[in-house]
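Just protein.csv here, CSV, C-alpha atoms:
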chain,number,residue,atom,x,y,z
A,1,MET,CA,20.7,28.8,20.5
A,2,THR,CA,22.6,30.1,17.6
A,3,LYS,CA,21.5,30.3,13.9
A,4,GLN,CA,24.3,27.9,13.1
A,5,GLU,CA,22.8,25.3,15.5
A,6,ILE,CA,19.4,25.7,14.0
A,7,LEU,CA,20.8,25.4,10.5
A,8,LYS,CA,22.5,22.2,11.6
A,9,ALA,CA,19.1,20.9,12.9
A,10,PHE,CA,17.6,21.5,9.4
A,11,GLN,CA,20.6,19.9,7.7
A,12,ASP,CA,20.4,16.8,9.9
A,13,ALA,CA,16.6,16.5,9.3
A,14,ALA,CA,16.8,17.1,5.6
A,15,VAL,CA,19.6,14.6,5.1
A,16,GLU,CA,17.5,12.0,7.0
A,17,VAL,CA,14.1,12.7,5.4
A,18,LEU,CA,15.0,13.7,1.9
A,19,GLY,CA,18.4,12.0,1.4
A,20,VAL,CA,20.0,15.2,0.2
A,21,GLU,CA,23.6,16.4,0.5
A,22,ARG,CA,24.1,18.3,3.7
A,23,ASP,CA,25.8,21.2,2.0
A,24,THR,CA,22.8,21.9,-0.2
A,25,ILE,CA,20.7,22.8,2.8
A,26,THR,CA,21.6,26.5,3.0
A,27,PRO,CA,19.6,29.6,4.3
A,28,SER,CA,18.4,30.4,0.8
A,29,ALA,CA,17.2,26.9,0.1
A,30,SER,CA,13.5,25.9,0.0
A,31,LEU,CA,12.5,22.4,0.8
A,32,VAL,CA,9.6,22.5,-1.6
A,33,ALA,CA,11.0,24.5,-4.5
A,34,ASP,CA,14.5,23.1,-4.5
A,35,PHE,CA,14.0,19.6,-3.3
A,36,GLU,CA,10.5,18.8,-4.4
A,37,ALA,CA,9.5,17.9,-0.9
A,38,ASP,CA,5.8,17.1,-0.5
A,39,SER,CA,3.7,18.2,2.4
A,40,LEU,CA,4.5,15.1,4.4
A,41,ASP,CA,8.2,15.5,3.8
A,42,VAL,CA,8.1,19.1,5.1
A,43,VAL,CA,6.1,18.0,8.2
A,44,GLU,CA,8.6,15.2,8.8
A,45,VAL,CA,11.6,17.6,8.5
A,46,LEU,CA,9.9,20.1,10.9
A,47,MET,CA,9.1,17.4,13.4
A,48,LEU,CA,12.8,16.4,13.4
A,49,VAL,CA,13.9,20.0,13.8
A,50,GLU,CA,11.5,20.4,16.7
A,51,GLU,CA,13.0,17.3,18.3
A,52,HIS,CA,16.6,18.5,17.7
A,53,ILE,CA,16.1,21.9,19.2
A,54,GLY,CA,13.7,20.8,21.9
A,55,VAL,CA,10.9,23.3,21.0
A,56,SER,CA,7.4,22.6,19.9
A,57,ILE,CA,6.3,24.9,17.1
A,58,PRO,CA,2.7,25.5,16.0
A,59,ASP,CA,1.8,24.9,12.3
A,60,GLU,CA,0.7,28.6,11.9
A,61,PHE,CA,4.3,29.6,12.6
A,62,TRP,CA,5.4,28.3,9.2
A,63,GLU,CA,2.7,30.0,7.0
A,64,ASP,CA,4.8,32.9,5.6
A,65,VAL,CA,8.1,31.0,5.6
A,66,GLU,CA,9.6,30.8,2.2
A,67,ASN,CA,13.1,29.4,2.8
A,68,ILE,CA,15.2,27.9,5.5
A,69,GLY,CA,16.8,31.2,6.4
A,70,MET,CA,13.4,32.7,7.2
A,71,ALA,CA,12.6,29.6,9.3
A,72,ILE,CA,15.9,30.0,11.2
A,73,ASP,CA,15.3,33.6,11.9
A,74,LYS,CA,11.8,32.9,13.3
A,75,ILE,CA,12.9,30.0,15.4
A,76,GLU,CA,15.7,32.0,16.8
A,77,ALA,CA,13.3,34.8,17.8
A,78,LEU,CA,10.9,32.3,19.2
A,79,VAL,CA,13.5,30.5,21.3
A,80,SER,CA,15.0,33.8,22.6
A,81,SER,CA,11.6,35.1,23.6
A,82,THR,CA,10.7,32.0,25.5
A,83,ALA,CA,14.1,31.4,27.1
A,84,PRO,CA,14.1,31.6,30.9
B,1,MET,CA,11.1,-5.7,4.8
B,2,THR,CA,9.6,-7.1,7.9
B,3,THR,CA,7.9,-4.5,10.0
B,4,GLU,CA,9.9,-4.1,13.2
B,5,GLY,CA,8.7,-3.1,16.6
B,6,ILE,CA,6.1,-4.0,19.1
B,7,ALA,CA,2.3,-4.3,18.6
B,8,VAL,CA,-0.1,-2.2,20.6
B,9,VAL,CA,-3.6,-3.5,20.8
B,10,SER,CA,-6.3,-1.3,22.5
B,11,GLY,CA,-9.0,-3.2,24.3
B,12,GLY,CA,-6.5,-6.0,24.0
B,13,THR,CA,-7.2,-8.1,27.0
B,14,ARG,CA,-10.7,-9.3,26.4
B,15,GLY,CA,-12.9,-10.6,23.6
B,16,ILE,CA,-11.7,-10.0,20.0
B,17,GLY,CA,-8.8,-7.8,21.3
B,18,ALA,CA,-7.5,-10.7,23.5
B,19,ALA,CA,-7.6,-13.0,20.5
B,20,ILE,CA,-5.7,-10.4,18.4
B,21,SER,CA,-3.1,-9.8,21.0
B,22,MET,CA,-2.4,-13.6,21.3
B,23,GLU,CA,-2.4,-14.1,17.5
B,24,LEU,CA,0.1,-11.3,16.9
B,25,ALA,CA,2.3,-12.7,19.7
B,26,ALA,CA,2.0,-16.2,18.2
B,27,HIS,CA,3.5,-14.6,15.0
B,28,GLY,CA,6.5,-13.7,17.1
B,29,ARG,CA,5.7,-10.1,17.9
B,30,ASP,CA,6.0,-8.5,21.4
B,31,VAL,CA,2.5,-7.3,22.2
B,32,VAL,CA,1.3,-4.6,24.7
B,33,ALA,CA,-2.4,-5.0,25.3
B,34,LEU,CA,-4.1,-1.9,26.5
B,35,TYR,CA,-7.1,-2.0,28.8
B,36,ARG,CA,-9.2,0.5,30.7
B,37,SER,CA,-11.1,-1.5,33.3
B,38,ARG,CA,-11.4,-4.9,34.9
B,39,SER,CA,-7.8,-5.4,35.8
B,40,GLU,CA,-8.7,-8.9,37.1
B,41,ASP,CA,-9.6,-9.9,33.5
B,42,ALA,CA,-6.3,-8.5,32.3
B,43,ASP,CA,-4.4,-10.5,34.9
B,44,ARG,CA,-6.2,-13.7,33.9
B,45,PHE,CA,-5.5,-12.9,30.2
B,46,LEU,CA,-1.8,-12.4,30.9
B,47,LYS,CA,-1.5,-15.7,32.8
B,48,GLU,CA,-3.1,-17.4,29.8
B,49,CYS,CA,-0.6,-15.8,27.5
B,50,GLU,CA,2.3,-16.8,29.8
B,51,ALA,CA,1.0,-20.4,29.9
B,52,ARG,CA,1.1,-20.4,26.1
B,53,GLY,CA,4.6,-18.9,26.0
B,54,LEU,CA,3.4,-15.7,24.4
B,55,ARG,CA,5.2,-12.4,24.9
B,56,VAL,CA,2.3,-10.2,25.9
B,57,THR,CA,2.3,-7.5,28.6
B,58,SER,CA,-0.5,-5.1,29.5
B,59,ARG,CA,-1.0,-1.5,30.4
B,60,ARG,CA,-3.9,0.3,31.9
B,61,VAL,CA,-4.9,3.5,30.0
B,62,ASP,CA,-8.0,5.4,29.1
B,63,VAL,CA,-7.6,5.6,25.3
B,64,SER,CA,-10.3,8.2,25.1
B,65,ASP,CA,-8.0,10.7,26.9
B,66,PRO,CA,-5.5,12.2,24.5
B,67,ASP,CA,-3.0,13.1,27.3
B,68,GLU,CA,-3.0,9.5,28.6
B,69,VAL,CA,-2.5,8.1,25.1
B,70,ARG,CA,0.4,10.4,24.4
B,71,SER,CA,2.1,9.5,27.7
B,72,VAL,CA,1.6,5.8,27.5
B,73,ILE,CA,2.9,5.5,23.9
B,74,THR,CA,6.0,7.6,24.9
B,75,ASP,CA,6.6,5.3,27.8
B,76,LEU,CA,6.1,2.1,25.8
B,77,GLN,CA,8.5,3.3,23.1
B,78,ALA,CA,11.1,4.0,25.8
B,79,GLU,CA,10.6,0.6,27.4
B,80,HIS,CA,10.0,-1.7,24.5
B,81,GLY,CA,11.3,0.2,21.4
B,82,PRO,CA,9.3,1.4,18.4
B,83,VAL,CA,5.7,0.6,17.7
B,84,GLY,CA,5.4,-1.2,14.4
B,85,VAL,CA,1.8,-2.3,14.7
B,86,LEU,CA,-1.2,-0.6,16.1
B,87,VAL,CA,-4.6,-2.2,16.4
B,88,HIS,CA,-7.4,-0.1,17.7
B,89,ASN,CA,-10.0,-2.6,18.9
B,90,ALA,CA,-11.3,-0.8,22.1
B,91,GLY,CA,-15.0,-0.3,21.8
B,92,ILE,CA,-18.0,0.3,23.9
B,93,ARG,CA,-21.7,0.2,23.4
B,94,GLU,CA,-24.3,2.5,24.9
B,95,ASP,CA,-27.4,1.6,22.9
B,96,GLY,CA,-30.6,3.5,22.8
B,97,LEU,CA,-32.9,5.1,20.3
B,98,LEU,CA,-31.6,8.4,19.0
B,99,VAL,CA,-34.5,10.5,20.3
B,100,ARG,CA,-33.7,9.3,23.8
B,101,MET,CA,-29.9,9.2,23.5
B,102,THR,CA,-28.1,11.4,26.0
B,103,ASP,CA,-25.2,13.7,25.1
B,104,ASP,CA,-23.0,11.7,27.4
B,105,ALA,CA,-23.9,8.4,25.7
B,106,TRP,CA,-23.1,9.9,22.4
B,107,ALA,CA,-19.8,11.5,23.5
B,108,ARG,CA,-18.5,8.5,25.4
B,109,VAL,CA,-19.0,6.1,22.5
B,110,ILE,CA,-17.5,8.5,20.0
B,111,ALA,CA,-14.5,9.2,22.3
B,112,THR,CA,-13.6,5.5,22.9
B,113,ASN,CA,-14.5,4.0,19.5
B,114,LEU,CA,-13.4,6.8,17.2
B,115,SER,CA,-11.4,9.6,18.8
B,116,ALA,CA,-9.1,7.1,20.5
B,117,ALA,CA,-8.1,5.7,17.1
B,118,PHE,CA,-7.0,9.3,16.1
B,119,TYR,CA,-5.1,9.8,19.4
B,120,LEU,CA,-3.3,6.4,19.1
B,121,ALA,CA,-2.4,6.9,15.4
B,122,ARG,CA,-1.2,10.4,16.0
B,123,SER,CA,1.2,9.1,18.7
B,124,VAL,CA,2.6,6.1,16.8
B,125,LEU,CA,2.8,7.6,13.2
B,126,PRO,CA,5.8,9.9,13.7
B,127,GLY,CA,8.0,6.8,14.6
B,128,MET,CA,6.5,4.8,11.7
B,129,MET,CA,7.2,7.6,9.3
B,130,ARG,CA,10.8,7.7,10.4
B,131,ARG,CA,11.2,4.0,9.9
B,132,ARG,CA,9.3,4.0,6.7
B,133,GLN,CA,7.1,1.1,7.8
B,134,GLY,CA,4.1,0.4,9.9
B,135,ARG,CA,0.7,-1.4,10.1
B,136,ILE,CA,-2.5,0.1,11.5
B,137,VAL,CA,-5.7,-1.8,11.8
B,138,ASN,CA,-8.9,-0.3,13.1
B,139,ILE,CA,-11.8,-2.6,14.1
B,140,ALA,CA,-15.1,-1.4,12.9
B,141,SER,CA,-18.5,-3.1,12.5
B,142,PRO,CA,-21.2,-3.8,9.9
B,143,ALA,CA,-23.2,-1.1,11.9
B,144,ALA,CA,-21.0,1.4,10.0
B,145,TYR,CA,-22.6,0.5,6.6
B,146,VAL,CA,-25.8,-1.4,7.1
B,147,GLY,CA,-27.2,0.9,9.7
B,148,ALA,CA,-28.1,-0.2,13.2
B,149,ALA,CA,-31.3,0.9,14.9
B,150,GLY,CA,-30.5,1.9,18.5
B,151,GLN,CA,-26.9,2.4,17.8
B,152,ALA,CA,-26.6,5.9,16.3
B,153,ASN,CA,-23.5,6.6,18.4
B,154,TYR,CA,-21.8,3.3,17.7
B,155,ALA,CA,-22.7,3.2,14.0
B,156,ALA,CA,-21.4,6.8,13.6
B,157,ALA,CA,-18.2,6.0,15.4
B,158,LYS,CA,-17.5,2.9,13.4
B,159,ALA,CA,-18.3,4.6,10.1
B,160,GLY,CA,-15.9,7.4,11.2
B,161,LEU,CA,-13.2,4.8,11.6
B,162,VAL,CA,-13.5,3.9,7.9
B,163,GLY,CA,-13.0,7.5,6.9
B,164,LEU,CA,-10.2,8.0,9.4
B,165,SER,CA,-8.4,4.9,8.2
B,166,ARG,CA,-8.6,5.9,4.6
B,167,ALA,CA,-7.3,9.3,5.3
B,168,ILE,CA,-4.3,7.7,7.1
B,169,ALA,CA,-3.9,5.3,4.2
B,170,ARG,CA,-3.7,8.2,1.7
B,171,GLU,CA,-1.4,10.3,3.9
B,172,MET,CA,1.0,7.5,4.7
B,173,GLY,CA,1.1,5.4,1.6
B,174,SER,CA,4.4,6.9,0.4
B,175,ARG,CA,5.9,5.8,3.7
B,176,SER,CA,5.0,2.1,3.3
B,177,ILE,CA,2.6,2.4,6.2
B,178,THR,CA,-0.7,0.7,5.7
B,179,CYS,CA,-4.0,1.4,7.5
B,180,ASN,CA,-7.0,-0.9,7.1
B,181,VAL,CA,-10.3,-1.7,8.7
B,182,VAL,CA,-11.5,-5.1,9.8
B,183,SER,CA,-15.2,-5.3,10.2
B,184,PRO,CA,-16.3,-8.2,12.4
B,185,GLY,CA,-19.9,-9.4,12.2
B,186,PRO,CA,-21.6,-10.9,15.1
B,187,VAL,CA,-18.9,-12.5,17.1
B,188,ASP,CA,-19.5,-14.6,20.2
B,189,THR,CA,-17.9,-12.4,22.9
B,190,GLU,CA,-18.9,-10.7,26.1
B,191,MET,CA,-20.1,-7.7,24.2
B,192,ILE,CA,-23.2,-9.6,23.2
B,193,SER,CA,-23.5,-11.6,26.4
B,194,ASP,CA,-26.5,-9.4,27.4
B,195,LEU,CA,-28.5,-10.8,24.5
B,196,ASN,CA,-30.9,-13.7,25.2
B,197,ILE,CA,-30.9,-17.0,23.2
B,198,ALA,CA,-33.5,-15.8,20.7
B,199,GLN,CA,-31.6,-12.5,20.1
B,200,ARG,CA,-28.4,-14.4,19.6
B,201,ALA,CA,-30.1,-16.7,17.1
B,202,ALA,CA,-31.5,-13.8,15.2
B,203,LEU,CA,-28.1,-12.2,15.1
B,204,ALA,CA,-26.5,-15.4,13.8
B,205,GLY,CA,-29.3,-15.6,11.2
B,206,LEU,CA,-28.1,-12.3,9.7
B,207,ALA,CA,-24.9,-14.0,8.5
B,208,ALA,CA,-24.9,-16.2,5.4
B,209,ALA,CA,-22.9,-18.6,7.5
B,210,GLY,CA,-25.8,-18.9,9.9
B,211,ARG,CA,-23.7,-18.8,13.0
B,212,LEU,CA,-21.9,-16.3,15.2
B,213,GLY,CA,-18.2,-15.8,14.4
B,214,GLU,CA,-15.3,-16.6,16.7
B,215,ALA,CA,-12.8,-14.0,18.0
B,216,GLN,CA,-10.0,-16.1,16.6
B,217,GLU,CA,-11.4,-15.8,13.1
B,218,VAL,CA,-11.1,-12.0,13.3
B,219,ALA,CA,-7.6,-12.3,14.8
B,220,HIS,CA,-6.3,-14.3,11.9
B,221,THR,CA,-7.5,-11.5,9.5
B,222,VAL,CA,-5.9,-8.8,11.6
B,223,ALA,CA,-2.6,-10.7,11.7
B,224,PHE,CA,-2.6,-11.1,8.0
B,225,LEU,CA,-3.1,-7.4,7.5
B,226,CYS,CA,-0.1,-6.8,9.8
B,227,SER,CA,2.1,-9.2,7.9
B,228,ASP,CA,4.6,-8.5,5.1
B,229,GLU,CA,2.3,-10.3,2.6
B,230,ALA,CA,-0.3,-7.5,3.0
B,231,ALA,CA,2.0,-4.6,2.0
B,232,TYR,CA,-0.2,-3.7,-1.0
B,233,ILE,CA,-3.4,-3.7,1.0
B,234,THR,CA,-4.3,-0.3,2.4
B,235,GLY,CA,-7.5,1.7,2.9
B,236,ALA,CA,-9.4,-1.5,2.7
B,237,VAL,CA,-12.4,-2.6,4.7
B,238,LEU,CA,-12.2,-6.3,5.2
B,239,PRO,CA,-15.4,-7.9,6.5
B,240,VAL,CA,-15.1,-10.9,8.7
B,241,ASP,CA,-18.8,-11.3,9.1
B,242,GLY,CA,-19.9,-14.6,7.7
B,243,GLY,CA,-21.4,-12.9,4.7
B,244,LEU,CA,-23.6,-10.4,6.7
B,245,GLY,CA,-22.7,-7.4,4.6
B,246,MET,CA,-21.6,-8.8,1.2
B,247,GLY,CA,-20.1,-5.7,-0.3
B,248,LEU,CA,-22.2,-3.1,1.5

Could you render the structure as structure tokens?
Amino acid sequence: MTKQEILKAFQDAAVEVLGVERDTITPSASLVADFEADSLDVVEVLMLVEEHIGVSIPDEFWEDVENIGMAIDKIEALVSSTAP
Amino acid sequence: MTTEGIAVVSGGTRGIGAAISMELAAHGRDVVALYRSRSEDADRFLKECEARGLRVTSRRVDVSDPDEVRSVITDLQAEHGPVGVLVHNAGIREDGLLVRMTDDAWARVIATNLSAAFYLARSVLPGMMRRRQGRIVNIASPAAYVGAAGQANYAAAKAGLVGLSRAIAREMGSRSITCNVVSPGPVDTEMISDLNIAQRAALAGLAAAGRLGEAQEVAHTVAFLCSDEAAYITGAVLPVDGGLGMGL
């Protein structure tokens, strides 16, 4: 799975949950700081991302994630380490 | 906006649960009644629903098992579409004085009466969140707030349902999902069929109404809480107890 595909998953989810413009969801964007997402919004976005990419991600995974780019990097590493 | 989707009622083929399943179906909703045991009772219940022209099906599942709950809700959503209404009515009693209560009696009652509500809510809420609508009703008991000698496990589980429901109400309020508790008093169902006439009379005497309640009276209240008209009621405990608790 490429970083572009994971970014698309975030864009799809953020558009659905937060009603934001797709182009505003960039690697440097933060759901909380830039879009005033509350904790439930964030969880909902992450659940949709999990659904899109077909991977279940534990909550602890997100602890030090500050923006979407960091999330994409971690997910890419996770997916490649668990790929068959 | 009318809440879409099917209704899932745990413990939905007997007693109060059967009345709830039928009442929701009578309001035009497709209902799946969950049951754990006594499939002959479930068959009889389904025949009665069919005779009344109600769209009710049933599914056997042990709601105290988180894996079974996850799997049955996934299946139901694939077969029947989204779950718009969840009623956790399944409940068991294993009474005994606390000093003699076994670990198993404690754990079984907590698992079915309380933990199952958590497992069910966890399975249906993601879909409700996405659709920005949903109704959850948990069935408690006056034992939760007036105390009940010989029912430490049951009272703890039912009181736990109140806290759980209010947490859900807080978490999900912004998504137009409501979660409420209905607290039936002494209702004339099989659950109290082991009581003798004097015990039944004593139970009825606890209520200001001076009689046992009927399952249908509880079902009407549940159906109201699941309706559009109840959109601004959440985190509430609604007693249907003939005046047994009166604000307790």

Report task. Give as a PyMOL selection string every residue of chain B that touches chain A within 9 Å, counting only C-alpha atoms. Result -> chain B and resi 126+129-130+171-172

Requested in this report: Work out how far apart atom CA of Ala167 of chain B and atom CA of Val137 of chain B are and give it in Å to one decimal.
Outcome: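 Here the two named atoms are 13.0 Å from each other.
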
Report summary line: If you count only C-alpha atoms, the residue of B:Ala90, B:Val181, B:Val31, B:Cys226 closest to Thr2 of chain B turns out to be B:Cys226

**Report entry** Two-atom distance - atom CA of Asp103 of chain B, atom CA of Asp67 of chain B (Å)
**Finding:**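 So the answer is 22.3 Å.
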
Report summary line: Shortest contact to Leu206 of chain B, candidates B:Asp241, B:Glu190, B:Asp62, B:Glu229, atoms counted only C-alpha atoms, goes to B:Asp241

Query - Separation of atom CA of Ala156 of chain B from atom CA of Leu24 of chain B, in Å and rounded to one decimal - result: 28.3 Å

Query raised in the report: If we count all atoms listed in the file, what is near Leu98 of chain B at a cut-off of 8 Å, once residues fewer than 4 positions away on the same chain are taken out, given as a ChimeraX atom specification?
Result: /B:150-152

Taking the partial coordinates given, rebuild segment 67-82 of chain A to contain N, CA and C atoms; return it as a PDB file, in the frame of the given file.
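Now in result_12.pdb:
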ATOM      1  N   ASN A  67      11.837  30.167   2.911  1.00  0.00           N
ATOM      2  CA  ASN A  67      13.100  29.400   2.800  1.00  0.00           C
ATOM      3  C   ASN A  67      13.627  29.090   4.196  1.00  0.00           C
ATOM      4  N   ILE A  68      14.696  28.330   4.220  1.00  0.00           N
ATOM      5  CA  ILE A  68      15.200  27.900   5.500  1.00  0.00           C
ATOM      6  C   ILE A  68      15.773  29.030   6.329  1.00  0.00           C
ATOM      7  N   GLY A  69      16.326  30.032   5.649  1.00  0.00           N
ATOM      8  CA  GLY A  69      16.800  31.200   6.400  1.00  0.00           C
ATOM      9  C   GLY A  69      15.741  31.907   7.165  1.00  0.00           C
ATOM     10  N   MET A  70      14.572  32.074   6.538  1.00  0.00           N
ATOM     11  CA  MET A  70      13.400  32.700   7.200  1.00  0.00           C
ATOM     12  C   MET A  70      12.992  31.864   8.422  1.00  0.00           C
ATOM     13  N   ALA A  71      13.013  30.546   8.221  1.00  0.00           N
ATOM     14  CA  ALA A  71      12.600  29.600   9.300  1.00  0.00           C
ATOM     15  C   ALA A  71      13.597  29.762  10.480  1.00  0.00           C
ATOM     16  N   ILE A  72      14.884  29.846  10.153  1.00  0.00           N
ATOM     17  CA  ILE A  72      15.900  30.000  11.200  1.00  0.00           C
ATOM     18  C   ILE A  72      15.721  31.253  11.994  1.00  0.00           C
ATOM     19  N   ASP A  73      15.474  32.361  11.269  1.00  0.00           N
ATOM     20  CA  ASP A  73      15.300  33.600  11.900  1.00  0.00           C
ATOM     21  C   ASP A  73      14.078  33.582  12.900  1.00  0.00           C
ATOM     22  N   LYS A  74      12.970  32.978  12.418  1.00  0.00           N
ATOM     23  CA  LYS A  74      11.800  32.900  13.300  1.00  0.00           C
ATOM     24  C   LYS A  74      11.983  32.012  14.469  1.00  0.00           C
ATOM     25  N   ILE A  75      12.654  30.904  14.243  1.00  0.00           N
ATOM     26  CA  ILE A  75      12.900  30.000  15.400  1.00  0.00           C
ATOM     27  C   ILE A  75      13.815  30.650  16.392  1.00  0.00           C
ATOM     28  N   GLU A  76      14.826  31.357  15.915  1.00  0.00           N
ATOM     29  CA  GLU A  76      15.700  32.000  16.800  1.00  0.00           C
ATOM     30  C   GLU A  76      14.980  33.055  17.692  1.00  0.00           C
ATOM     31  N   ALA A  77      14.085  33.793  17.029  1.00  0.00           N
ATOM     32  CA  ALA A  77      13.300  34.800  17.800  1.00  0.00           C
ATOM     33  C   ALA A  77      12.369  34.116  18.773  1.00  0.00           C
ATOM     34  N   LEU A  78      11.773  32.997  18.345  1.00  0.00           N
ATOM     35  CA  LEU A  78      10.900  32.300  19.200  1.00  0.00           C
ATOM     36  C   LEU A  78      11.599  31.730  20.455  1.00  0.00           C
ATOM     37  N   VAL A  79      12.754  31.121  20.194  1.00  0.00           N
ATOM     38  CA  VAL A  79      13.500  30.500  21.300  1.00  0.00           C
ATOM     39  C   VAL A  79      13.995  31.594  22.259  1.00  0.00           C
ATOM     40  N   SER A  80      14.475  32.721  21.737  1.00  0.00           N
ATOM     41  CA  SER A  80      15.000  33.800  22.600  1.00  0.00           C
ATOM     42  C   SER A  80      13.878  34.427  23.425  1.00  0.00           C
ATOM     43  N   SER A  81      12.666  34.479  22.830  1.00  0.00           N
ATOM     44  CA  SER A  81      11.600  35.100  23.600  1.00  0.00           C
ATOM     45  C   SER A  81      10.991  34.212  24.639  1.00  0.00           C
ATOM     46  N   THR A  82      11.190  32.887  24.493  1.00  0.00           N
ATOM     47  CA  THR A  82      10.700  32.000  25.500  1.00  0.00           C
ATOM     48  C   THR A  82      11.724  31.461  26.453  1.00  0.00           C
TER      49      THR A  82
END
